[in-house]
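Below you'll find the structure, written out as structure tokens, and then a few comments.
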Amino acid sequence: MKLLSLRSILASTLVVLGMASAGAVPLKDVVSSDGTPLLPENYRSWEFLGTFSGLAPDKNGSHEMHTVYASPGTVEYYQENGQYPDGAVLVKEVMETDTENLTTGRISYATKTKGWFVWIKDRKNRYPESKLWGDGWGWAFYAAGDKPALQTKDYKTDCLGCHVPAKDTDYSYVRGYPVLGTGHGASKSAGQSMTSSEE
Ligand code: HEC
């Protein structure tokens with residue numbers, strides 16, 4: 001109970017301060033002057049959406065892990081509105097893995113970053129001329145190296161086709177994000193019941 005009221009006080013304070021605007025990252029911090037979606041620096045401290053694990057049968061484990069983060073405010077907005085807020089930034093970090101027998105079983109864990117997929121929600125068709133913007137998003141992939149290197153030339157050929165199967169959910173694979181209340185496990189309610197059992 002205590003937790004809940006503290007939370008609502010905090011939420012209303014944020015509203016008063018005008019900070020509750022969802023997915024709030026200044027666009028100029030994540031888009032270059034020519035309209036290229038940039039790789040945000042501090043995405044690992046953002047909100048965690050979920051992890052996808054790509055299996056490699058020959059390794060008896062995972063060969064890749066995809067961890068997806070969203071800019072602050074995205075989760076709450078999605079829970080309330082069932083969609084991403086305009087300006088939300090999503091980063092999917094693709095990581096190499098190691099697999100070992102740990103005390104919990106045969107376990108794969110993420111090691112080194114291979115690259116980053118960056119997505120910026122755009123309801124305003126901000127860059128109609130750009131080949132990196134369209135279908136409601138700004139799209140970019142950066143390969144890891146000495147410096148992150150932009151690889152994307154045209155989202156329609158480099159990205160869109162693979163995201164069509166998720167078109168009904170704004171091209172996003174939300175099934176992997178229990179925190180949004182959209183996954184097959186529907187653990188938004190699991191989170192809630194955990195809270196109420198604590199009270
Ligand atoms: C080979 C198919 C494929 C291509 C090409 C592809 N994606 Fe994806 N993308 C996926 C799949 C499948 C997922 C979710 C599961 C996973 O990560 O394996 C995903 C997840 C994402 C996510 C996490 C958010 C979400 O729910 O979808 C972002 C961000 C993303 N992709 C951006 C991009 C961008 C930007 C490009 C082009 C530069 C791109 N993708 C190209 C298949 C693809």
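Just so we're on the same page: first chain in the structure tokens is A, next is B, and so on; residues restart at 1 for each chain, and ligands are numbered from 1 in the order they show up.
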Write out as number ranges by chain the residues lying within 12 Å of A:Phe117, counting only C-alpha atoms and excluding same-chain residues fewer than 2 positions away. A: 37-40, 43, 66-70, 89-95, 113-115, 119-120, 138-144, 148-152, 155, 158-159
Those same residues - C-alpha atoms - I'd like them written as a PDB file, in the first residue's frame.
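Just written: again-v6.pdb:
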ATOM      1  CA  PRO A  37      18.897   7.826 -36.404  1.00  0.00           C
ATOM      2  CA  LEU A  38      21.924   7.777 -34.081  1.00  0.00           C
ATOM      3  CA  LEU A  39      23.054   5.135 -31.611  1.00  0.00           C
ATOM      4  CA  PRO A  40      22.153   6.490 -28.154  1.00  0.00           C
ATOM      5  CA  TYR A  43      20.615   2.928 -23.729  1.00  0.00           C
ATOM      6  CA  HIS A  66      19.154  -9.797 -28.739  1.00  0.00           C
ATOM      7  CA  THR A  67      18.410  -7.492 -25.850  1.00  0.00           C
ATOM      8  CA  VAL A  68      15.882  -4.736 -26.427  1.00  0.00           C
ATOM      9  CA  TYR A  69      15.824  -1.452 -24.503  1.00  0.00           C
ATOM     10  CA  ALA A  70      13.429   1.506 -24.760  1.00  0.00           C
ATOM     11  CA  VAL A  89      13.667   5.115 -29.100  1.00  0.00           C
ATOM     12  CA  LEU A  90      14.246   1.357 -29.119  1.00  0.00           C
ATOM     13  CA  VAL A  91      17.657  -0.252 -29.245  1.00  0.00           C
ATOM     14  CA  LYS A  92      18.146  -3.925 -29.976  1.00  0.00           C
ATOM     15  CA  GLU A  93      21.656  -4.902 -28.979  1.00  0.00           C
ATOM     16  CA  VAL A  94      22.929  -8.030 -30.710  1.00  0.00           C
ATOM     17  CA  MET A  95      25.436  -9.929 -28.606  1.00  0.00           C
ATOM     18  CA  THR A 113      28.335  -6.696 -28.788  1.00  0.00           C
ATOM     19  CA  LYS A 114      28.063  -7.336 -32.528  1.00  0.00           C
ATOM     20  CA  GLY A 115      25.824  -4.429 -33.390  1.00  0.00           C
ATOM     21  CA  TRP A 119      14.361   2.442 -34.002  1.00  0.00           C
ATOM     22  CA  ILE A 120      12.679   5.803 -33.446  1.00  0.00           C
ATOM     23  CA  GLY A 138      13.244   5.734 -38.222  1.00  0.00           C
ATOM     24  CA  TRP A 139      15.432   2.687 -38.951  1.00  0.00           C
ATOM     25  CA  ALA A 140      19.202   2.106 -38.620  1.00  0.00           C
ATOM     26  CA  PHE A 141      21.709  -0.638 -37.932  1.00  0.00           C
ATOM     27  CA  TYR A 142      25.180   0.053 -36.555  1.00  0.00           C
ATOM     28  CA  ALA A 143      27.860  -2.642 -36.667  1.00  0.00           C
ATOM     29  CA  ALA A 144      30.231  -2.771 -33.692  1.00  0.00           C
ATOM     30  CA  PRO A 148      29.821   1.975 -34.470  1.00  0.00           C
ATOM     31  CA  ALA A 149      29.340   2.009 -38.244  1.00  0.00           C
ATOM     32  CA  LEU A 150      26.018   2.726 -39.909  1.00  0.00           C
ATOM     33  CA  GLN A 151      25.153  -0.076 -42.352  1.00  0.00           C
ATOM     34  CA  THR A 152      21.647   0.846 -43.413  1.00  0.00           C
ATOM     35  CA  TYR A 155      14.957   0.561 -44.589  1.00  0.00           C
ATOM     36  CA  ASP A 158      17.311  -3.597 -45.279  1.00  0.00           C
ATOM     37  CA  CYS A 159      14.657  -3.906 -42.583  1.00  0.00           C
TER      38      CYS A 159
END
If you count only C-alpha atoms, which residues fall within 7 Å of A:Leu180, apart from same-chain ones fewer than 3 positions away, as a compact mmCIF listing (two decimals) with N, CA and C atoms, in the first residue's frame?
# COMPACT_ATOMS: atom_id res chain seq x y z
N VAL A 75 7.58 2.14 -21.43
CA VAL A 75 6.83 1.00 -20.88
C VAL A 75 5.50 1.46 -20.30
N TYR A 78 3.10 2.45 -23.00
CA TYR A 78 2.57 1.29 -23.74
C TYR A 78 1.53 0.55 -22.90
N GLN A 79 1.82 0.39 -21.62
CA GLN A 79 0.86 -0.30 -20.75
C GLN A 79 -0.48 0.42 -20.74
N TYR A 177 8.09 -9.20 -25.05
CA TYR A 177 8.22 -8.16 -24.01
C TYR A 177 7.14 -8.31 -22.95
N LYS A 188 2.19 -9.13 -17.20
CA LYS A 188 1.86 -7.87 -16.56
C LYS A 188 1.06 -8.17 -15.29
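Using only C-alpha atoms, the contacts of A:Tyr171 at a cut-off of 9 Å, with sequence neighbours closer than 6 positions omitted, comprise Asp135, Leu160, Cys162, His163, Val164 and Pro165 of chain A.
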Expressed in Å, the length from atom CA of A:Leu132 to atom CA of A:Gly145 is 21.6 Å
Residues of stretch 3-183 of chain A in strand (DSSP E or B), written as a ChimeraX atom specification: /A:31,37,47-56,61-70,89-102,105-121,133-134,137-143,149-150
Using DSSP on the backbone, list every residue of stretch 3-192 of chain A that comes out as alpha helix (DSSP H), and give them as a VMD selection string. chain A and resid 3 to 16 27 to 30 74 to 81 155 161 to 163 187 to 192
I'd like to know which of A:Thr157, A:Thr103, A:Ser71, A:Asn60 is closest to ligand 1, using only C-alpha atoms and all ligand atoms.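 Comparing A:Thr157, A:Thr103, A:Ser71, A:Asn60 against ligand 1, the winner is A:Thr157.
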Could you pull the residues within 12 Å of A:Thr74, counting only C-alpha atoms, minus those fewer than 4 positions along the same chain, as a PyMOL selection string? chain A and resi 20-25+46-49+69-70+78-90+120-121+179-180
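If only C-alpha atoms and all ligand atoms are the atoms counted, then among A:Asn101, A:Ser172, A:Thr36, A:Ser62 the closest residue to ligand 1 is A:Ser172.
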Can you work out the spacing between atom 11 (C, counted along the ligand's line) of ligand 1 and atom CA of A:Ser130 in Å, to one decimal? 22.6 Å
Restricting the calculation to only C-alpha atoms and all ligand atoms, which member of A:Pro128, A:Pro26, A:Gly161, A:Pro57 is positioned closest to ligand 1?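 Among A:Pro128, A:Pro26, A:Gly161, A:Pro57, it is A:Gly161 that comes nearest to ligand 1.
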Between A:Glu100, A:Pro72, A:Lys124, A:Trp133, which one has atoms that come closest to A:Val31, using only C-alpha atoms? A:Trp133
